[in-house]
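Structure data (PDB, C-alpha atoms (C1' of nucleotides)) from model.pdb:
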```pdb
ATOM      1  CA  MET A 188     103.859  68.912  38.549  1.00  0.00           C
ATOM      2  CA  GLU A 189     104.201  72.557  37.682  1.00  0.00           C
ATOM      3  CA  ILE A 190     102.493  73.055  34.354  1.00  0.00           C
ATOM      4  CA  ILE A 191     103.815  76.213  32.797  1.00  0.00           C
ATOM      5  CA  ASN A 192     106.813  77.396  34.771  1.00  0.00           C
ATOM      6  CA  ILE A 193     109.124  78.577  32.032  1.00  0.00           C
ATOM      7  CA  HIS A 194     112.182  78.056  34.202  1.00  0.00           C
ATOM      8  CA  ASP A 195     111.581  74.332  34.245  1.00  0.00           C
ATOM      9  CA  PHE A 196     111.525  73.987  30.484  1.00  0.00           C
ATOM     10  CA  LYS A 197     115.137  72.955  30.178  1.00  0.00           C
ATOM     11  CA  ASN A 198     114.654  70.038  32.556  1.00  0.00           C
ATOM     12  CA  LEU A 199     111.805  68.521  30.612  1.00  0.00           C
ATOM     13  CA  ASN A 200     111.867  65.548  28.299  1.00  0.00           C
ATOM     14  CA  PRO A 201     109.621  65.390  25.216  1.00  0.00           C
ATOM     15  CA  LYS A 202     106.943  63.352  26.964  1.00  0.00           C
ATOM     16  CA  HIS A 203     106.648  65.925  29.729  1.00  0.00           C
ATOM     17  CA  CYS A 204     106.418  68.674  27.168  1.00  0.00           C
ATOM     18  CA  ILE A 205     103.594  66.965  25.339  1.00  0.00           C
ATOM     19  CA  GLU A 206     101.706  66.486  28.599  1.00  0.00           C
ATOM     20  CA  ILE A 207     102.118  70.162  29.373  1.00  0.00           C
ATOM     21  CA  GLN A 208     100.749  71.076  25.968  1.00  0.00           C
ATOM     22  CA  LYS A 209      97.743  68.820  26.426  1.00  0.00           C
ATOM     23  CA  ASN A 210      97.002  70.320  29.814  1.00  0.00           C
ATOM     24  CA  LEU A 211      97.071  73.849  28.441  1.00  0.00           C
ATOM     25  CA  ILE A 212      94.293  73.239  25.913  1.00  0.00           C
ATOM     26  CA  ASP A 213      91.652  74.218  28.480  1.00  0.00           C
ATOM     27  CA  LYS A 214      93.081  77.711  28.601  1.00  0.00           C
ATOM     28  CA  LEU A 215      92.664  78.320  24.884  1.00  0.00           C
ATOM     29  CA  GLU A 216      90.151  81.094  24.171  1.00  0.00           C
ATOM     30  CA  LEU A 217      89.530  81.694  20.481  1.00  0.00           C
ATOM     31  CA  LYS A 218      87.086  84.511  21.112  1.00  0.00           C
ATOM     32  CA  PRO A 219      86.745  87.705  19.036  1.00  0.00           C
ATOM     33  CA  PHE A 220      89.290  90.395  19.738  1.00  0.00           C
ATOM     34  CA  ASN A 221      86.931  92.931  18.174  1.00  0.00           C
ATOM     35  CA  LYS A 222      89.341  95.773  17.617  1.00  0.00           C
ATOM     36  CA  PHE A 223      92.151  96.720  15.318  1.00  0.00           C
ATOM     37  CA  PRO A 224      95.568  96.553  16.988  1.00  0.00           C
ATOM     38  CA  GLU A 225      97.299  99.916  16.474  1.00  0.00           C
ATOM     39  CA  ILE A 226     100.498  98.862  18.203  1.00  0.00           C
ATOM     40  CA  VAL A 227     101.814  95.381  17.519  1.00  0.00           C
ATOM     41  CA  ALA A 228     104.961  93.442  18.309  1.00  0.00           C
ATOM     42  CA  GLY A 229     106.848  90.964  16.170  1.00  0.00           C
ATOM     43  CA  VAL A 230     109.103  88.271  17.630  1.00  0.00           C
ATOM     44  CA  ASP A 231     111.943  86.304  16.102  1.00  0.00           C
ATOM     45  CA  LEU A 232     115.072  84.424  17.140  1.00  0.00           C
ATOM     46  CA  SER A 233     118.416  83.970  15.461  1.00  0.00           C
ATOM     47  CA  PHE A 234     121.173  81.609  16.551  1.00  0.00           C
ATOM     48  CA  LEU A 235     124.900  81.891  17.034  1.00  0.00           C
ATOM     49  CA  ASN A 236     126.443  78.582  18.040  1.00  0.00           C
ATOM     50  CA  ASP A 237     124.787  77.760  21.359  1.00  0.00           C
ATOM     51  CA  LEU A 238     123.286  81.236  21.792  1.00  0.00           C
ATOM     52  CA  GLY A 239     119.698  82.087  21.034  1.00  0.00           C
ATOM     53  CA  ILE A 240     119.037  85.758  20.306  1.00  0.00           C
ATOM     54  CA  ALA A 241     115.443  86.897  20.743  1.00  0.00           C
ATOM     55  CA  ILE A 242     114.321  90.202  19.360  1.00  0.00           C
ATOM     56  CA  ILE A 243     111.024  91.998  19.775  1.00  0.00           C
ATOM     57  CA  VAL A 244     110.119  94.909  17.555  1.00  0.00           C
ATOM     58  CA  VAL A 245     107.098  97.099  18.165  1.00  0.00           C
ATOM     59  CA  ILE A 246     105.533  99.009  15.292  1.00  0.00           C
ATOM     60  CA  ASP A 247     102.414 101.096  14.751  1.00  0.00           C
ATOM     61  CA  GLU A 248      99.792 100.752  12.024  1.00  0.00           C
ATOM     62  CA  THR A 249     102.001 102.692   9.579  1.00  0.00           C
ATOM     63  CA  PHE A 250     104.810 100.166  10.163  1.00  0.00           C
ATOM     64  CA  LYS A 251     106.877 102.763  11.963  1.00  0.00           C
ATOM     65  CA  LEU A 252     109.268 101.324  14.540  1.00  0.00           C
ATOM     66  CA  VAL A 253     108.183 102.283  18.034  1.00  0.00           C
ATOM     67  CA  ASP A 254     110.365 100.091  20.211  1.00  0.00           C
ATOM     68  CA  LEU A 255     112.963  97.336  20.014  1.00  0.00           C
ATOM     69  CA  VAL A 256     114.505  95.095  22.642  1.00  0.00           C
ATOM     70  CA  TYR A 257     116.536  91.928  22.539  1.00  0.00           C
ATOM     71  CA  HIS A 258     118.095  89.333  24.772  1.00  0.00           C
ATOM     72  CA  TYR A 259     120.437  86.424  24.218  1.00  0.00           C
ATOM     73  CA  GLN A 260     121.290  83.419  26.307  1.00  0.00           C
ATOM     74  CA  LYS A 261     122.418  79.853  25.971  1.00  0.00           C
ATOM     75  CA  ILE A 262     119.880  77.549  24.294  1.00  0.00           C
ATOM     76  CA  GLU A 263     118.940  74.690  26.601  1.00  0.00           C
ATOM     77  CA  PHE A 264     116.485  72.756  24.496  1.00  0.00           C
ATOM     78  CA  PRO A 265     116.885  71.135  21.059  1.00  0.00           C
ATOM     79  CA  TYR A 266     114.721  71.814  18.070  1.00  0.00           C
ATOM     80  CA  ILE A 267     111.990  69.202  17.974  1.00  0.00           C
ATOM     81  CA  PRO A 268     109.057  69.665  15.576  1.00  0.00           C
ATOM     82  CA  GLY A 269     106.000  70.337  17.741  1.00  0.00           C
ATOM     83  CA  LEU A 270     108.026  71.517  20.731  1.00  0.00           C
ATOM     84  CA  LEU A 271     109.441  74.770  19.415  1.00  0.00           C
ATOM     85  CA  ALA A 272     107.984  76.774  22.299  1.00  0.00           C
ATOM     86  CA  PHE A 273     110.175  74.978  24.811  1.00  0.00           C
ATOM     87  CA  ARG A 274     113.257  76.011  22.904  1.00  0.00           C
ATOM     88  CA  GLU A 275     112.387  79.615  22.116  1.00  0.00           C
ATOM     89  CA  LEU A 276     109.964  80.963  24.714  1.00  0.00           C
ATOM     90  CA  PRO A 277     112.517  81.129  27.552  1.00  0.00           C
ATOM     91  CA  VAL A 278     114.684  83.517  25.530  1.00  0.00           C
ATOM     92  CA  PHE A 279     111.708  85.498  24.281  1.00  0.00           C
ATOM     93  CA  LEU A 280     110.355  86.010  27.805  1.00  0.00           C
ATOM     94  CA  GLU A 281     113.626  87.496  29.018  1.00  0.00           C
ATOM     95  CA  ALA A 282     113.514  90.001  26.158  1.00  0.00           C
ATOM     96  CA  TRP A 283     109.855  90.656  26.946  1.00  0.00           C
ATOM     97  CA  LYS A 284     110.815  91.872  30.436  1.00  0.00           C
ATOM     98  CA  LYS A 285     112.838  94.654  28.855  1.00  0.00           C
ATOM     99  CA  LEU A 286     109.972  95.957  26.753  1.00  0.00           C
ATOM    100  CA  LYS A 287     108.469  99.217  27.974  1.00  0.00           C
ATOM    101  CA  THR A 288     105.853  99.619  25.271  1.00  0.00           C
ATOM    102  CA  LYS A 289     102.864  97.365  25.723  1.00  0.00           C
ATOM    103  CA  PRO A 290     101.548  96.228  22.312  1.00  0.00           C
ATOM    104  CA  ASP A 291      97.911  95.383  21.600  1.00  0.00           C
ATOM    105  CA  LEU A 292      98.873  92.105  19.958  1.00  0.00           C
ATOM    106  CA  VAL A 293     101.961  89.985  19.250  1.00  0.00           C
ATOM    107  CA  PHE A 294     103.022  88.162  16.071  1.00  0.00           C
ATOM    108  CA  PHE A 295     105.186  85.074  16.511  1.00  0.00           C
ATOM    109  CA  ASP A 296     107.364  83.315  13.961  1.00  0.00           C
ATOM    110  CA  GLY A 297     105.761  79.864  13.930  1.00  0.00           C
ATOM    111  CA  GLN A 298     102.371  78.260  14.424  1.00  0.00           C
ATOM    112  CA  GLY A 299      99.484  79.172  16.701  1.00  0.00           C
ATOM    113  CA  ILE A 300      96.784  76.481  16.912  1.00  0.00           C
ATOM    114  CA  ALA A 301      97.878  74.932  13.607  1.00  0.00           C
ATOM    115  CA  HIS A 302      99.685  72.333  15.673  1.00  0.00           C
ATOM    116  CA  PRO A 303      99.060  68.650  16.555  1.00  0.00           C
ATOM    117  CA  ARG A 304      97.881  69.685  20.035  1.00  0.00           C
ATOM    118  CA  LYS A 305      96.821  73.235  19.135  1.00  0.00           C
ATOM    119  CA  MET A 306      99.763  74.474  21.135  1.00  0.00           C
ATOM    120  CA  GLY A 307     102.198  76.178  18.786  1.00  0.00           C
ATOM    121  CA  ILE A 308     104.577  78.824  20.085  1.00  0.00           C
ATOM    122  CA  ALA A 309     102.118  81.685  19.502  1.00  0.00           C
ATOM    123  CA  THR A 310      99.465  79.941  21.558  1.00  0.00           C
ATOM    124  CA  HIS A 311     101.756  78.789  24.345  1.00  0.00           C
ATOM    125  CA  GLY A 312     103.356  82.215  24.487  1.00  0.00           C
ATOM    126  CA  SER A 313     100.012  83.969  24.947  1.00  0.00           C
ATOM    127  CA  PHE A 314      99.601  82.433  28.397  1.00  0.00           C
ATOM    128  CA  PHE A 315     102.699  84.206  29.639  1.00  0.00           C
ATOM    129  CA  ILE A 316     101.991  87.651  28.222  1.00  0.00           C
ATOM    130  CA  ASN A 317      98.196  87.621  28.386  1.00  0.00           C
ATOM    131  CA  LEU A 318      97.753  89.308  25.031  1.00  0.00           C
ATOM    132  CA  PRO A 319      96.206  88.246  21.719  1.00  0.00           C
ATOM    133  CA  THR A 320      98.767  86.490  19.518  1.00  0.00           C
ATOM    134  CA  ILE A 321      99.042  85.360  15.901  1.00  0.00           C
ATOM    135  CA  GLY A 322     101.359  82.700  14.499  1.00  0.00           C
ATOM    136  CA  ILE A 323     103.015  83.349  11.139  1.00  0.00           C
ATOM    137  CA  ALA A 324     104.770  80.298   9.717  1.00  0.00           C
ATOM    138  CA  LYS A 325     106.644  79.983   6.466  1.00  0.00           C
ATOM    139  CA  SER A 326     105.763  76.321   6.132  1.00  0.00           C
ATOM    140  CA  ARG A 327     103.227  73.810   7.331  1.00  0.00           C
ATOM    141  CA  LEU A 328     103.592  71.804  10.504  1.00  0.00           C
ATOM    142  CA  TYR A 329     100.131  70.297  10.743  1.00  0.00           C
ATOM    143  CA  GLY A 330      96.836  70.298   8.887  1.00  0.00           C
ATOM    144  CA  THR A 331      95.483  69.832   5.380  1.00  0.00           C
ATOM    145  CA  TYR A 332      94.637  72.483   2.835  1.00  0.00           C
ATOM    146  CA  ASP A 333      94.105  73.283  -0.820  1.00  0.00           C
ATOM    147  CA  GLU A 334      96.404  75.647  -2.635  1.00  0.00           C
ATOM    148  CA  PRO A 335      94.966  79.201  -2.618  1.00  0.00           C
ATOM    149  CA  CYS A 336      94.681  81.218  -5.853  1.00  0.00           C
ATOM    150  CA  ILE A 337      97.698  83.262  -6.889  1.00  0.00           C
ATOM    151  CA  GLN A 338      96.517  86.817  -6.160  1.00  0.00           C
ATOM    152  CA  LYS A 339      97.421  88.668  -2.996  1.00  0.00           C
ATOM    153  CA  GLY A 340      94.717  88.178  -0.382  1.00  0.00           C
ATOM    154  CA  CYS A 341      93.690  84.729  -1.644  1.00  0.00           C
ATOM    155  CA  PHE A 342      93.486  82.120   1.079  1.00  0.00           C
ATOM    156  CA  SER A 343      92.261  78.651   1.927  1.00  0.00           C
ATOM    157  CA  TYR A 344      91.573  77.172   5.328  1.00  0.00           C
ATOM    158  CA  LEU A 345      93.801  74.741   7.145  1.00  0.00           C
ATOM    159  CA  TYR A 346      91.929  71.818   8.723  1.00  0.00           C
ATOM    160  CA  ASP A 347      92.793  69.346  11.428  1.00  0.00           C
ATOM    161  CA  LYS A 348      91.929  65.647  11.313  1.00  0.00           C
ATOM    162  CA  SER A 349      88.413  66.345  12.621  1.00  0.00           C
ATOM    163  CA  LYS A 350      87.841  68.763   9.739  1.00  0.00           C
ATOM    164  CA  ASN A 351      87.880  71.739  12.060  1.00  0.00           C
ATOM    165  CA  LYS A 352      89.484  74.971  10.863  1.00  0.00           C
ATOM    166  CA  ILE A 353      92.810  75.670  12.529  1.00  0.00           C
ATOM    167  CA  GLY A 354      94.159  78.506  10.427  1.00  0.00           C
ATOM    168  CA  VAL A 355      94.552  79.834   6.902  1.00  0.00           C
ATOM    169  CA  VAL A 356      97.063  79.470   4.092  1.00  0.00           C
ATOM    170  CA  LEU A 357      97.337  83.069   3.004  1.00  0.00           C
ATOM    171  CA  ARG A 358      98.801  84.553  -0.146  1.00  0.00           C
ATOM    172  CA  THR A 359     100.397  87.779   1.069  1.00  0.00           C
ATOM    173  CA  ARG A 360     102.026  88.482  -2.266  1.00  0.00           C
ATOM    174  CA  GLU A 361     101.066  87.580  -5.810  1.00  0.00           C
ATOM    175  CA  LYS A 362     102.699  84.465  -7.269  1.00  0.00           C
ATOM    176  CA  VAL A 363     104.719  83.871  -4.128  1.00  0.00           C
ATOM    177  CA  LYS A 364     104.392  80.925  -1.768  1.00  0.00           C
ATOM    178  CA  PRO A 365     101.725  81.577   0.869  1.00  0.00           C
ATOM    179  CA  VAL A 366     102.255  81.899   4.629  1.00  0.00           C
ATOM    180  CA  PHE A 367     100.509  79.802   7.267  1.00  0.00           C
ATOM    181  CA  VAL A 368      98.527  82.006   9.607  1.00  0.00           C
ATOM    182  CA  SER A 369      96.866  80.691  12.736  1.00  0.00           C
ATOM    183  CA  PRO A 370      95.517  82.398  15.826  1.00  0.00           C
ATOM    184  CA  GLY A 371      97.592  82.008  18.928  1.00  0.00           C
ATOM    185  CA  ASN A 372      94.941  82.989  21.438  1.00  0.00           C
ATOM    186  CA  TYR A 373      92.283  85.581  22.321  1.00  0.00           C
ATOM    187  CA  ILE A 374      91.437  86.117  18.645  1.00  0.00           C
ATOM    188  CA  THR A 375      89.568  84.319  15.860  1.00  0.00           C
ATOM    189  CA  ILE A 376      90.942  82.701  12.719  1.00  0.00           C
ATOM    190  CA  ASN A 377      89.398  85.318  10.452  1.00  0.00           C
ATOM    191  CA  GLU A 378      90.602  88.199  12.575  1.00  0.00           C
ATOM    192  CA  ALA A 379      94.095  86.736  12.513  1.00  0.00           C
ATOM    193  CA  LYS A 380      93.940  86.584   8.713  1.00  0.00           C
ATOM    194  CA  GLU A 381      92.596  90.129   8.323  1.00  0.00           C
ATOM    195  CA  ILE A 382      95.048  91.682  10.754  1.00  0.00           C
ATOM    196  CA  THR A 383      97.901  89.845   9.088  1.00  0.00           C
ATOM    197  CA  LEU A 384      96.940  91.317   5.716  1.00  0.00           C
ATOM    198  CA  GLU A 385      96.665  94.797   7.227  1.00  0.00           C
ATOM    199  CA  TYR A 386     100.174  94.444   8.563  1.00  0.00           C
ATOM    200  CA  THR A 387     101.602  93.177   5.297  1.00  0.00           C
ATOM    201  CA  SER A 388     103.529  95.578   3.083  1.00  0.00           C
ATOM    202  CA  LYS A 389     105.326  94.718  -0.136  1.00  0.00           C
ATOM    203  CA  TYR A 390     106.870  91.478   1.090  1.00  0.00           C
ATOM    204  CA  LYS A 391     105.674  87.936   1.638  1.00  0.00           C
ATOM    205  CA  ILE A 392     106.326  88.017   5.368  1.00  0.00           C
ATOM    206  CA  PRO A 393     104.123  90.446   7.349  1.00  0.00           C
ATOM    207  CA  GLU A 394     106.021  93.457   8.684  1.00  0.00           C
ATOM    208  CA  PRO A 395     106.093  92.597  12.410  1.00  0.00           C
ATOM    209  CA  THR A 396     107.806  89.263  11.876  1.00  0.00           C
ATOM    210  CA  ARG A 397     109.830  90.418   8.892  1.00  0.00           C
ATOM    211  CA  LEU A 398     111.316  93.362  10.750  1.00  0.00           C
ATOM    212  CA  ALA A 399     111.995  91.215  13.786  1.00  0.00           C
ATOM    213  CA  HIS A 400     113.913  88.781  11.601  1.00  0.00           C
ATOM    214  CA  MET A 401     115.818  91.587   9.931  1.00  0.00           C
ATOM    215  CA  TYR A 402     116.918  93.113  13.199  1.00  0.00           C
ATOM    216  CA  SER A 403     117.769  89.793  14.808  1.00  0.00           C
ATOM    217  CA  GLN A 404     120.200  89.104  11.956  1.00  0.00           C
ATOM    218  CA  LYS A 405     121.682  92.556  12.393  1.00  0.00           C
ATOM    219  CA  ILE A 406     122.109  92.135  16.122  1.00  0.00           C
ATOM    220  CA  LYS A 407     123.646  88.736  15.636  1.00  0.00           C
ATOM    221  CA  LYS A 408     126.333  90.293  13.434  1.00  0.00           C
ATOM    222  CA  GLU A 409     127.047  92.901  16.085  1.00  0.00           C
ATOM    223  CA  ILE A 410     127.457  90.212  18.697  1.00  0.00           C
ATOM    224  CA  SER A 411     129.694  88.012  16.537  1.00  0.00           C
ATOM    225  CA  GLY A 412     131.885  91.004  15.828  1.00  0.00           C
TER     226      GLY A 412
ATOM    227  C1'  DG B  92     106.676  49.945  10.848  1.00  0.00           C
ATOM    228  C1'  DC B  93     106.807  54.097   7.568  1.00  0.00           C
ATOM    229  C1'  DG B  94     106.552  59.053   6.604  1.00  0.00           C
ATOM    230  C1'  DA B  95     106.029  63.997   8.278  1.00  0.00           C
ATOM    231  C1'  DC B  96     108.195  67.261  10.701  1.00  0.00           C
ATOM    232  C1'  DA B  97     107.214  75.380  12.730  1.00  0.00           C
ATOM    233  C1'  DG B  98     112.440  77.286  13.601  1.00  0.00           C
TER     234       DG B  98
ATOM    235  C1'  DA C 262     117.666  77.930  12.230  1.00  0.00           C
ATOM    236  C1'  DT C 263     122.412  77.686   9.704  1.00  0.00           C
ATOM    237  C1'  DC C 264     126.031  76.729   6.009  1.00  0.00           C
ATOM    238  C1'  DT C 265     126.405  79.948   1.161  1.00  0.00           C
ATOM    239  C1'  DT C 266     126.575  82.541  -4.965  1.00  0.00           C
ATOM    240  C1'  DG C 267     124.842  82.982  -8.578  1.00  0.00           C
ATOM    241  C1'  DT C 268     120.847  83.047 -11.174  1.00  0.00           C
ATOM    242  C1'  DC C 269     116.086  82.577 -13.307  1.00  0.00           C
ATOM    243  C1'  DG C 270     111.731  85.066 -13.769  1.00  0.00           C
ATOM    244  C1'  DC C 271     108.404  88.792 -13.177  1.00  0.00           C
TER     245       DC C 271
END
```
Once more with this new file: its structure as structure tokens, please.
Amino acid sequence: MEIINIHDFKNLNPKHCIEIQKNLIDKLELKPFNKFPEIVAGVDLSFLNDLGIAIIVVIDETFKLVDLVYHYQKIEFPYIPGLLAFRELPVFLEAWKKLKTKPDLVFFDGQGIAHPRKMGIATHGSFFINLPTIGIAKSRLYGTYDEPCIQKGCFSYLYDKSKNKIGVVLRTREKVKPVFVSPGNYITINEAKEITLEYTSKYKIPEPTRLAHMYSQKIKKEISG
DNA sequence: GCGACAG
DNA sequence: ATCTTGTCGC
């Protein structure tokens, strides 16, 4: 069975998907990235009936927009908690082909290894683009944690059932609900947290993902008329 | 069997 | 994610 051919995603049932995720665990490399990414991309999808619209924004360390591409196509896979990658990665990868600027790192909207099988969309996606990735989720999918203090920069670790760290619950803005940050691949948990804070401006959601979401809503309106 | 459950 | 307006609090 082909393990990661994205074109076969739509023909898979949930059990196949879970097997694929389990088989990919050997490819996970949570090693230090050891550099600050000066050019990063942010990914997000919006939906219009049966269309999925993927947008990728590329910004520099001053949050200036460097590049932007998007792609939309029919969604072939339902939303199933734990299997988000199978729904969204096919659309994302088509948009990725259009990108001319190669970022140093990519932020995804969703989990990285903070996932039942350590295979959230940021992790799964890294195998296709071969770049370090970070998952930024607005809510928890998996793991246990204590509430972090209320100041910006406060954080607590997310743990799996074996008490291993799988990410952080990070307060990116004072008195506002924290975000769930986990490394996708080719980066450590602490690097993911630090880089996320560096790329956070005055809002709860870090700039790469926030801008991607903003533009995907804008593009959706253009498409709908 | 009963909850939990990214977007 | 999406459907949708005003409103409470810093």
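Counting from CA of Glu225 in chain A, the distance to CA of Glu378 in chain A is 14.0 Å.
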query: Given the file above and the PyMOL selection byres ((chain A and resi 296-302) around 9), which residues are selected, and can you give them as a PyMOL selection string?
result: (chain A and resi 229-232+269+271+294-295+303-311+320-330+345-347+352-355+367-372+396+400) or (chain B and resi 97-98)
Could you save the residues just selected, with C-alpha atoms (C1' of nucleotides), as a short mmCIF file (atom, residue, chain, number, x, y, z; two decimals), in the frame of the given file?
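Produced file part28.cif, reproduced below:
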```cif
data_model
loop_
_atom_site.label_atom_id
_atom_site.label_comp_id
_atom_site.auth_asym_id
_atom_site.auth_seq_id
_atom_site.Cartn_x
_atom_site.Cartn_y
_atom_site.Cartn_z
CA GLY A 229 106.85 90.96 16.17
CA VAL A 230 109.10 88.27 17.63
CA ASP A 231 111.94 86.30 16.10
CA LEU A 232 115.07 84.42 17.14
CA GLY A 269 106.00 70.34 17.74
CA LEU A 271 109.44 74.77 19.42
CA PHE A 294 103.02 88.16 16.07
CA PHE A 295 105.19 85.07 16.51
CA PRO A 303 99.06 68.65 16.56
CA ARG A 304 97.88 69.68 20.04
CA LYS A 305 96.82 73.24 19.14
CA MET A 306 99.76 74.47 21.14
CA GLY A 307 102.20 76.18 18.79
CA ILE A 308 104.58 78.82 20.08
CA ALA A 309 102.12 81.68 19.50
CA THR A 310 99.46 79.94 21.56
CA HIS A 311 101.76 78.79 24.34
CA THR A 320 98.77 86.49 19.52
CA ILE A 321 99.04 85.36 15.90
CA GLY A 322 101.36 82.70 14.50
CA ILE A 323 103.02 83.35 11.14
CA ALA A 324 104.77 80.30 9.72
CA LYS A 325 106.64 79.98 6.47
CA SER A 326 105.76 76.32 6.13
CA ARG A 327 103.23 73.81 7.33
CA LEU A 328 103.59 71.80 10.50
CA TYR A 329 100.13 70.30 10.74
CA GLY A 330 96.84 70.30 8.89
CA LEU A 345 93.80 74.74 7.14
CA TYR A 346 91.93 71.82 8.72
CA ASP A 347 92.79 69.35 11.43
CA LYS A 352 89.48 74.97 10.86
CA ILE A 353 92.81 75.67 12.53
CA GLY A 354 94.16 78.51 10.43
CA VAL A 355 94.55 79.83 6.90
CA PHE A 367 100.51 79.80 7.27
CA VAL A 368 98.53 82.01 9.61
CA SER A 369 96.87 80.69 12.74
CA PRO A 370 95.52 82.40 15.83
CA GLY A 371 97.59 82.01 18.93
CA ASN A 372 94.94 82.99 21.44
CA THR A 396 107.81 89.26 11.88
CA HIS A 400 113.91 88.78 11.60
"C1'" DA B 97 107.21 75.38 12.73
"C1'" DG B 98 112.44 77.29 13.60
#
```
Please define a box with edges along x, y and z of the file around all atoms of range 375-390 of chain A given in the file, extend it by 3 Å on each side, and return its centre and edge lengths in Å to one decimal, as AutoDock Vina command-line options.
```
--center_x 98.1 --center_y 89.1 --center_z 7.9 --size_x 23.5 --size_y 18.9 --size_z 22.0
```
field: Residues matched by the PyMOL selection byres ((chain A) within 9 of (chain C)) as an MDAnalysis selection string
entry: chainID A and resid 232:235 266
- request: Quick one: pull the distance between CA of Ile392 in chain A and CA of Val356 in chain A, Å, one decimal.
  value: 12.7 Å
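Atom pair CA of His258 in chain A / CA of Gly312 in chain A: separated by 16.4 Å.
The residue that comes closest to Phe220 in chain A, out of A:Glu206, A:Cys341, A:Ile374, A:Leu252 and on the basis of only C-alpha atoms, is A:Ile374.
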